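Reproduced below: upload_16.cif, with mmCIF, C-alpha atoms and all ligand atoms.
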```cif
data_final
loop_
_atom_site.label_atom_id
_atom_site.label_comp_id
_atom_site.auth_asym_id
_atom_site.auth_seq_id
_atom_site.Cartn_x
_atom_site.Cartn_y
_atom_site.Cartn_z
CA MET A 1129 120.27 88.96 87.66
CA ARG A 1130 121.87 86.20 89.67
CA PHE A 1131 119.91 83.79 91.86
CA ASP A 1132 121.70 81.79 94.55
CA ILE A 1133 119.68 79.01 96.11
CA LEU A 1134 120.81 77.46 99.40
CA SER A 1135 119.34 74.02 100.05
CA ILE A 1136 120.08 70.62 101.49
CA PHE A 1137 118.29 69.15 98.42
CA PRO A 1138 120.11 70.66 95.42
CA GLU A 1139 118.97 67.68 93.29
CA MET A 1140 115.49 69.23 93.20
CA PHE A 1141 116.48 72.14 90.96
CA PRO A 1142 117.54 70.84 87.51
CA PHE A 1143 113.94 70.89 86.20
CA LEU A 1144 113.68 74.57 87.06
CA ILE A 1145 117.02 75.42 85.48
CA ASP A 1146 116.79 73.28 82.36
CA TYR A 1147 113.25 73.87 81.08
CA GLY A 1148 110.79 76.53 80.06
CA ILE A 1149 111.14 80.27 80.45
CA VAL A 1150 113.76 79.95 83.18
CA GLY A 1151 115.80 77.47 81.11
CA ARG A 1152 115.81 79.82 78.11
CA ALA A 1153 116.77 82.80 80.27
CA VAL A 1154 119.70 80.85 81.71
CA GLU A 1155 120.79 79.68 78.27
CA SER A 1156 120.78 83.20 76.87
CA GLY A 1157 122.69 84.54 79.87
CA LYS A 1158 119.92 86.89 81.03
CA ILE A 1159 119.86 85.20 84.41
CA GLN A 1160 122.29 83.03 86.31
CA ILE A 1161 121.19 80.37 88.79
CA ASN A 1162 123.59 78.84 91.27
CA VAL A 1163 122.47 76.11 93.65
CA ALA A 1164 124.64 75.74 96.75
CA ASN A 1165 124.46 72.58 98.84
CA ILE A 1166 124.32 73.51 102.53
CA ARG A 1167 125.52 70.00 103.38
CA ASP A 1168 128.88 70.79 101.73
CA PHE A 1169 129.39 73.16 104.66
CA GLY A 1170 127.94 70.84 107.33
CA GLU A 1171 129.36 70.40 110.83
CA GLY A 1172 131.69 67.61 111.88
CA PRO A 1173 132.66 64.37 110.15
CA HIS A 1174 129.02 63.66 109.25
CA LEU A 1175 128.49 67.14 107.78
CA MET A 1176 125.47 67.70 110.01
CA THR A 1177 123.08 70.46 108.97
CA ASP A 1178 120.41 70.07 111.64
CA ASP A 1179 120.17 69.43 115.37
CA ARG A 1180 117.66 69.13 118.23
CA PRO A 1181 116.02 72.31 119.50
CA PHE A 1182 117.28 73.86 122.74
CA GLY A 1183 114.42 73.76 125.23
CA GLY A 1184 113.14 70.48 123.85
CA GLY A 1185 110.31 69.69 121.51
CA ASP A 1186 109.71 67.62 118.41
CA GLY A 1187 111.61 67.91 115.19
CA MET A 1188 114.93 69.35 114.17
CA VAL A 1189 116.28 72.82 113.55
CA MET A 1190 118.78 73.81 110.86
CA LYS A 1191 122.13 74.66 112.44
CA PRO A 1192 123.43 78.19 111.92
CA GLU A 1193 127.08 77.53 110.94
CA PRO A 1194 126.46 75.53 107.75
CA ILE A 1195 124.04 78.17 106.44
CA PHE A 1196 126.47 80.95 107.43
CA ARG A 1197 129.37 79.24 105.66
CA THR A 1198 127.28 78.61 102.55
CA LEU A 1199 126.29 82.31 102.50
CA GLU A 1200 129.95 83.32 102.85
CA SER A 1201 130.90 81.11 99.89
CA ILE A 1202 128.59 82.98 97.54
CA PRO A 1203 130.27 85.59 95.35
CA ARG A 1204 128.86 89.09 95.58
CA VAL A 1205 127.42 90.59 92.44
CA GLU A 1206 127.80 94.32 91.72
CA GLY A 1207 124.54 96.08 92.64
CA GLU A 1208 121.70 95.47 95.02
CA ARG A 1209 121.27 92.07 96.69
CA LYS A 1210 118.77 90.55 99.10
CA VAL A 1211 118.88 87.44 101.26
CA ILE A 1212 115.40 85.91 101.34
CA LEU A 1213 114.41 83.18 103.78
CA LEU A 1214 111.56 80.96 102.64
CA THR A 1215 109.38 80.37 105.67
CA PRO A 1216 105.68 79.90 106.43
CA GLN A 1217 105.99 83.01 108.64
CA GLY A 1218 107.07 85.26 105.77
CA GLN A 1219 105.33 88.00 103.86
CA ARG A 1220 103.00 86.48 101.28
CA PHE A 1221 104.54 86.34 97.80
CA ASN A 1222 102.55 88.01 95.01
CA GLN A 1223 103.01 89.66 91.63
CA SER A 1224 103.87 93.04 93.09
CA MET A 1225 106.65 91.46 95.17
CA ALA A 1226 107.90 89.74 91.99
CA ARG A 1227 107.98 93.12 90.25
CA SER A 1228 110.03 94.72 93.00
CA LEU A 1229 112.43 91.74 93.24
CA CYS A 1230 113.16 91.81 89.50
CA LYS A 1231 114.96 95.12 89.94
CA LEU A 1232 117.70 93.53 92.07
CA GLN A 1233 121.01 92.22 90.75
CA GLN A 1234 121.30 89.28 93.17
CA ILE A 1235 118.67 87.28 95.06
CA ILE A 1236 119.81 84.72 97.61
CA LEU A 1237 117.11 82.22 98.52
CA VAL A 1238 117.58 80.21 101.71
CA CYS A 1239 115.42 77.09 101.74
CA GLY A 1240 114.51 76.00 105.23
CA ARG A 1241 113.57 72.45 106.16
CA TYR A 1242 112.35 70.73 109.32
CA GLU A 1243 110.99 73.07 111.99
CA GLY A 1244 112.97 75.97 110.55
CA VAL A 1245 116.36 77.62 110.78
CA ASP A 1246 118.21 78.84 113.86
CA GLU A 1247 116.86 82.27 114.81
CA ARG A 1248 120.34 83.86 114.71
CA ILE A 1249 120.58 83.26 110.96
CA ARG A 1250 117.23 84.94 110.49
CA SER A 1251 118.09 87.94 112.62
CA ARG A 1252 121.66 88.51 111.37
CA TYR A 1253 121.63 87.58 107.70
CA VAL A 1254 118.10 87.61 106.37
CA ASP A 1255 116.74 90.76 104.68
CA MET A 1256 113.28 89.44 103.95
CA GLU A 1257 111.09 86.45 104.84
CA VAL A 1258 108.71 85.12 102.23
CA SER A 1259 105.90 82.55 102.19
CA ILE A 1260 104.03 81.50 99.05
CA GLY A 1261 100.68 80.95 100.76
CA ASP A 1262 98.79 79.54 103.70
CA TYR A 1263 99.35 75.81 103.34
CA ILE A 1264 102.00 73.55 104.83
CA LEU A 1265 104.84 72.30 102.64
CA THR A 1266 107.89 70.33 103.75
CA GLY A 1267 110.50 72.95 102.94
CA GLY A 1268 111.40 76.08 101.03
CA GLU A 1269 112.59 74.38 97.80
CA LEU A 1270 109.33 74.52 95.83
CA PRO A 1271 108.64 78.08 97.07
CA ALA A 1272 112.15 79.12 95.91
CA MET A 1273 111.45 77.69 92.44
CA ILE A 1274 108.18 79.58 92.26
CA ILE A 1275 109.92 82.84 93.09
CA VAL A 1276 112.70 82.25 90.54
CA GLU A 1277 110.11 81.51 87.86
CA ALA A 1278 107.87 84.48 88.66
CA VAL A 1279 110.79 86.93 88.83
CA SER A 1280 112.66 85.53 85.79
CA ARG A 1281 109.74 85.94 83.44
CA LEU A 1282 109.61 89.65 84.29
CA ILE A 1283 113.23 90.30 83.43
CA SER A 1284 113.57 92.37 80.28
CA GLY A 1285 113.55 90.46 77.06
CA ILE A 1286 112.72 87.05 78.47
CA LEU A 1287 109.11 87.13 77.33
CA GLY A 1288 109.39 89.06 74.11
CA GLY A 1289 106.59 91.42 73.22
CA ALA A 1290 105.63 94.69 74.82
CA THR A 1291 104.90 93.54 78.37
CA SER A 1292 108.25 91.92 79.03
CA ASN A 1293 109.71 94.67 81.18
CA CYS A 1294 109.94 94.78 84.97
CA GLU A 1295 108.73 98.33 85.32
CA GLU A 1296 105.71 97.85 83.12
CA SER A 1297 102.58 96.49 84.62
CA PHE A 1298 99.74 95.77 82.29
CA GLU A 1299 98.14 93.63 84.91
CA ASP A 1300 94.92 95.41 85.67
CA CYS A 1301 93.76 93.01 88.37
CA LEU A 1302 91.12 91.34 86.20
CA LEU A 1303 90.90 87.67 85.26
CA GLU A 1304 91.34 86.68 81.63
CA TYR A 1305 88.38 86.44 79.26
CA PRO A 1306 87.45 82.98 77.87
CA GLN A 1307 89.58 81.70 74.99
CA TYR A 1308 88.52 79.52 72.07
CA THR A 1309 90.42 77.84 69.25
CA ARG A 1310 89.48 75.40 66.49
CA PRO A 1311 87.23 73.53 65.96
CA ARG A 1312 84.33 75.99 65.76
CA VAL A 1313 81.98 73.36 67.18
CA PHE A 1314 83.24 71.00 69.90
CA GLN A 1315 80.77 68.32 71.08
CA GLY A 1316 77.87 70.47 69.92
CA ASP A 1317 79.18 73.54 71.71
CA ASP A 1318 79.75 76.54 69.40
CA VAL A 1319 82.25 79.39 69.71
CA PRO A 1320 80.54 82.72 70.59
CA PRO A 1321 79.59 84.23 67.19
CA ILE A 1322 81.02 87.64 68.07
CA LEU A 1323 84.55 86.17 67.94
CA LEU A 1324 83.95 85.20 64.30
CA SER A 1325 82.48 88.58 63.35
CA GLY A 1326 85.79 90.20 62.43
CA ASP A 1327 84.68 93.36 64.29
CA HIS A 1328 87.75 93.97 66.44
CA GLU A 1329 86.27 96.78 68.51
CA LYS A 1330 83.18 94.72 69.37
CA ILE A 1331 85.42 91.77 70.24
CA ARG A 1332 87.56 93.93 72.49
CA LEU A 1333 84.49 95.21 74.38
CA TRP A 1334 83.00 91.71 74.69
CA ARG A 1335 86.28 90.37 76.10
CA ARG A 1336 86.51 93.21 78.58
CA ALA A 1337 82.95 92.54 79.76
CA GLN A 1338 83.73 88.81 80.07
CA SER A 1339 86.83 89.61 82.15
CA ILE A 1340 84.77 91.75 84.49
CA LYS A 1341 82.03 89.08 84.73
CA ARG A 1342 84.52 86.33 85.52
CA THR A 1343 86.31 88.40 88.09
CA LEU A 1344 83.00 89.21 89.80
CA GLU A 1345 82.06 85.50 89.86
CA LYS A 1346 85.41 83.95 90.78
CA ARG A 1347 87.59 86.58 92.48
CA PRO A 1348 85.43 89.49 93.66
CA ASP A 1349 88.29 90.46 96.01
CA LEU A 1350 90.34 91.55 92.96
CA LEU A 1351 87.78 94.15 91.90
CA GLU A 1352 88.67 96.42 94.79
CA ARG A 1353 92.14 96.97 93.31
CA ALA A 1354 91.13 96.79 89.63
CA ASN A 1355 91.81 99.53 87.12
CA LEU A 1356 88.28 100.18 85.87
CA SER A 1357 87.12 102.78 83.36
CA GLU A 1358 83.71 104.44 83.68
CA ARG A 1359 82.41 102.02 81.07
CA ASP A 1360 83.85 99.05 83.02
CA LYS A 1361 82.13 100.31 86.15
CA SER A 1362 78.76 100.50 84.47
CA ILE A 1363 79.20 96.95 83.11
CA LEU A 1364 80.05 95.83 86.63
CA GLU A 1365 76.96 97.52 88.11
CA GLU A 1366 74.76 95.89 85.48
CA LEU A 1367 76.25 92.45 86.25
CA LYS A 1368 75.78 92.93 89.98
CA GLN A 1369 72.10 93.76 89.45
CA LYS A 1370 71.52 90.69 87.28
CA LYS A 1371 72.99 88.45 89.97
CA VAL A 1372 70.13 89.09 92.44
C1 LIG B 1401 104.77 70.93 111.32
C2 LIG B 1401 105.60 72.17 111.32
N1 LIG B 1401 104.84 73.41 111.29
C3 LIG B 1401 104.12 73.70 112.48
C4 LIG B 1401 102.75 74.19 112.08
C5 LIG B 1401 105.74 74.51 111.03
C6 LIG B 1401 106.34 74.39 109.71
C7 LIG B 1401 107.72 74.48 109.58
C8 LIG B 1401 108.29 74.35 108.32
C9 LIG B 1401 105.57 74.20 108.57
C10 LIG B 1401 106.16 74.06 107.32
C11 LIG B 1401 107.52 74.12 107.21
C12 LIG B 1401 108.16 73.98 105.88
N2 LIG B 1401 107.70 75.00 104.94
C13 LIG B 1401 108.47 75.93 104.46
O1 LIG B 1401 109.66 75.94 104.75
C14 LIG B 1401 107.92 76.96 103.62
C15 LIG B 1401 106.58 77.23 103.21
C16 LIG B 1401 105.34 76.57 103.48
O2 LIG B 1401 105.24 75.54 104.17
N3 LIG B 1401 104.19 77.11 102.94
C17 LIG B 1401 104.21 78.23 102.17
N4 LIG B 1401 105.33 78.88 101.90
C18 LIG B 1401 106.49 78.38 102.43
S1 LIG B 1401 107.99 79.06 102.19
C19 LIG B 1401 108.76 77.91 103.10
#
```
As C-alpha cells:
Amino acid sequence: MRFDILSIFPEMFPFLIDYGIVGRAVESGKIQINVANIRDFGEGPHLMTDDRPFGGGDGMVMKPEPIFRTLESIPRVEGERKVILLTPQGQRFNQSMARSLCKLQQIILVCGRYEGVDERIRSRYVDMEVSIGDYILTGGELPAMIIVEAVSRLISGILGGATSNCEESFEDCLLEYPQYTRPRVFQGDDVPPILLSGDHEKIRLWRRAQSIKRTLEKRPDLLERANLSERDKSILEELKQKKV
C-alpha cells in the first residue's frame, strides 16, 4: 500500500511517519508514505497556492493548477488507487471505511486549507470526499494522518495476532469491558474477585456482560448494529429493566 499526501504543510507529517504502528509499517516496507509539497508546484515567482474567490467573499481558495501538477507528479502504483479529498463536506470516516480503503494499492490524500479547493479539482480528479467528524479544523492534515493510521493498522501483518487482516472484522460493535492490572488494591479499591478466580469461562461471560452494560450506558446507538447472541440479548433486556 502506498499513501501519497498532498499538503502545503509537509512539515506536519514526520511524527506520523516516524513513530508507532505507522512508523513500524514504513520501516518494514509494508506501507510507503510519500508527502508531496503543493507549494513546490505553486504558480508564478512566489509559488502561490491560493487566491481570492471569484464572486467575492472572505478567505482564500486553493488554486487548481498547483494541486493538478502535484497529482501529475505522483507515480502510479500497479492496482487500484483512489484520490481522496479531505473536506468538512465529505462522507464521515469510520472503521468500515478504513476496512474498505485497506484493500487499495494506492491512496492519494489531498489536504485542503483555507475555505477549500477550487471546485474543478474536486469534480475532475477526486474519487471520494472524506470528513473525520462534525467539528471545524483548520485543514485536512490531521484528518489525513488519522486515515493513514486507521488504514495502516489494518494492513496484514502490521498488528500481529489473529485480527491483523483487512478482511477480518472481529469488531462486534460493543465497547470494551473494564481492564485491571496490578496492584490488586489501588487506593482501597479492589479488583473484581471474578477476575482472580481462574475460571476462564466465568471471566469470559462477565466481560461480555460488562461490554454490553457499558455500551448501553455510553453508546446505546451502537447496540442497533451489534452482533448479539441470544444470551447477550437476554443480558441486555435484564440491564434495561434494572435501569428504570
Ligand atoms: C470557516 C470556514 N468554514 C465555514 C463553516 C468552512 C471550512 C472550510 C475548511 C471549515 C473547515 C475547513 C478546514 N477543514 C478541513 O479541511 C477538514 C475537516 C474538518 O474541518 N473537520 C472534519 N474533517 C475534516 S477533513 C478536512
Once you add 3 Å to each side, what are the centre and edge lengths of the axis-aligned box holding all listed atoms of ligand LIG 1401 (chain B)? One decimal in Å, as lines of an AutoDock Vina configuration file, if you can.
```
center_x = 106.2
center_y = 75.0
center_z = 107.2
size_x = 12.9
size_y = 14.1
size_z = 16.6
```
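Where the distance criterion is 8 Å and the atoms used are all atoms listed in the file, the residues close to ligand LIG 1401 (chain B) are Leu1213, Leu1214, Thr1215, Pro1216, Gln1217, Gly1218, Arg1220, Cys1239, Gly1240, Arg1241, Tyr1242, Glu1243, Gly1244, Val1258, Ser1259, Ile1260, Gly1261, Asp1262, Tyr1263, Ile1264, Leu1265, Thr1266, Gly1267, Gly1268, Glu1269, Leu1270, Pro1271 and Ala1272 of chain A.
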Polymer residues at most 6 Å from range 1197-1208 of chain A, all atoms listed in the file, same-chain spacing of 5 or more positions, as a list in words: Ile1166, Leu1232 and Gln1233 of chain A
Distance query Gly1148 in chain A at most 12 Å, all atoms listed in the file, self and fewer than 3 positions along chain excluded, as a compact mmCIF listing (two decimals) with C-alpha atoms, in the coordinates of the input:
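See out_18.txt below for the written result:
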```
# COMPACT_ATOMS: atom_id res chain seq x y z
CA PRO A 1142 117.54 70.84 87.51
CA PHE A 1143 113.94 70.89 86.20
CA LEU A 1144 113.68 74.57 87.06
CA ILE A 1145 117.02 75.42 85.48
CA GLY A 1151 115.80 77.47 81.11
CA ARG A 1152 115.81 79.82 78.11
CA ALA A 1153 116.77 82.80 80.27
CA VAL A 1154 119.70 80.85 81.71
CA GLU A 1155 120.79 79.68 78.27
CA GLU A 1277 110.11 81.51 87.86
CA SER A 1280 112.66 85.53 85.79
CA ARG A 1281 109.74 85.94 83.44
CA ILE A 1286 112.72 87.05 78.47
CA LEU A 1287 109.11 87.13 77.33
```
Top pick for closest residue to Thr1343 in chain A, considering A:Pro1311, A:Pro1306, A:Pro1192, A:Gly1316 and counting all atoms listed in the file: A:Pro1306
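Counting all atoms listed in the file and comparing A:Val1189, A:Met1273, A:Ile1161, A:Leu1229, the residue that lies closest to Met1140 in chain A is A:Met1273.
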Tell me which of A:Arg1332, A:Arg1252, A:Arg1130, A:Arg1347 sits closest to Leu1237 in chain A, counting only C-alpha atoms. A:Arg1130
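When all atoms listed in the file are used to measure the gap to Ser1339 in chain A, the shortest distance among A:Phe1182, A:Phe1314, A:Tyr1305, A:Phe1169 belongs to A:Tyr1305.
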Could you tell me how far CA of Ala1164 in chain A lies from CA of Ile1149 in chain A, in Å and to one decimal? 21.6 Å
Could N, CA and C atoms be built for range 1246-1266 of chain A and written out as a compact mmCIF listing (two decimals), in the coordinates of the input?
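So part_2.txt came out as:
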```txt
# COMPACT_ATOMS: atom_id res chain seq x y z
N ASP A 1246 117.81 78.18 112.61
CA ASP A 1246 118.21 78.84 113.86
C ASP A 1246 117.93 80.34 113.75
N GLU A 1247 117.30 80.87 114.78
CA GLU A 1247 116.86 82.27 114.81
C GLU A 1247 118.00 83.26 114.51
N ARG A 1248 119.24 82.91 114.89
CA ARG A 1248 120.34 83.86 114.71
C ARG A 1248 120.71 84.06 113.24
N ILE A 1249 120.42 83.06 112.41
CA ILE A 1249 120.58 83.26 110.96
C ILE A 1249 119.55 84.25 110.47
N ARG A 1250 118.30 84.03 110.90
CA ARG A 1250 117.23 84.94 110.49
C ARG A 1250 117.55 86.39 110.89
N SER A 1251 117.93 86.56 112.15
CA SER A 1251 118.09 87.94 112.62
C SER A 1251 119.34 88.63 112.07
N ARG A 1252 120.41 87.87 111.80
CA ARG A 1252 121.66 88.51 111.37
C ARG A 1252 121.84 88.60 109.87
N TYR A 1253 121.29 87.66 109.13
CA TYR A 1253 121.63 87.58 107.70
C TYR A 1253 120.47 87.68 106.74
N VAL A 1254 119.25 87.64 107.28
CA VAL A 1254 118.10 87.61 106.37
C VAL A 1254 117.51 89.01 106.22
N ASP A 1255 117.33 89.44 104.96
CA ASP A 1255 116.74 90.76 104.68
C ASP A 1255 115.22 90.70 104.59
N MET A 1256 114.71 89.52 104.24
CA MET A 1256 113.28 89.44 103.95
C MET A 1256 112.83 88.00 104.12
N GLU A 1257 111.64 87.81 104.70
CA GLU A 1257 111.09 86.45 104.84
C GLU A 1257 109.86 86.35 103.97
N VAL A 1258 109.79 85.26 103.19
CA VAL A 1258 108.71 85.12 102.23
C VAL A 1258 108.04 83.75 102.35
N SER A 1259 106.72 83.76 102.27
CA SER A 1259 105.90 82.55 102.19
C SER A 1259 105.16 82.59 100.87
N ILE A 1260 104.81 81.44 100.30
CA ILE A 1260 104.03 81.50 99.05
C ILE A 1260 102.54 81.31 99.29
N GLY A 1261 102.12 81.07 100.51
CA GLY A 1261 100.68 80.95 100.76
C GLY A 1261 100.41 80.16 102.02
N ASP A 1262 99.15 80.17 102.43
CA ASP A 1262 98.79 79.54 103.70
C ASP A 1262 98.45 78.07 103.55
N TYR A 1263 99.48 77.26 103.35
CA TYR A 1263 99.35 75.81 103.34
C TYR A 1263 100.72 75.28 103.75
N ILE A 1264 100.75 74.06 104.28
CA ILE A 1264 102.00 73.55 104.83
C ILE A 1264 102.73 72.68 103.82
N LEU A 1265 103.95 73.07 103.51
CA LEU A 1265 104.84 72.30 102.64
C LEU A 1265 105.92 71.69 103.53
N THR A 1266 106.85 70.94 102.92
CA THR A 1266 107.89 70.33 103.75
C THR A 1266 109.19 71.11 103.74
```
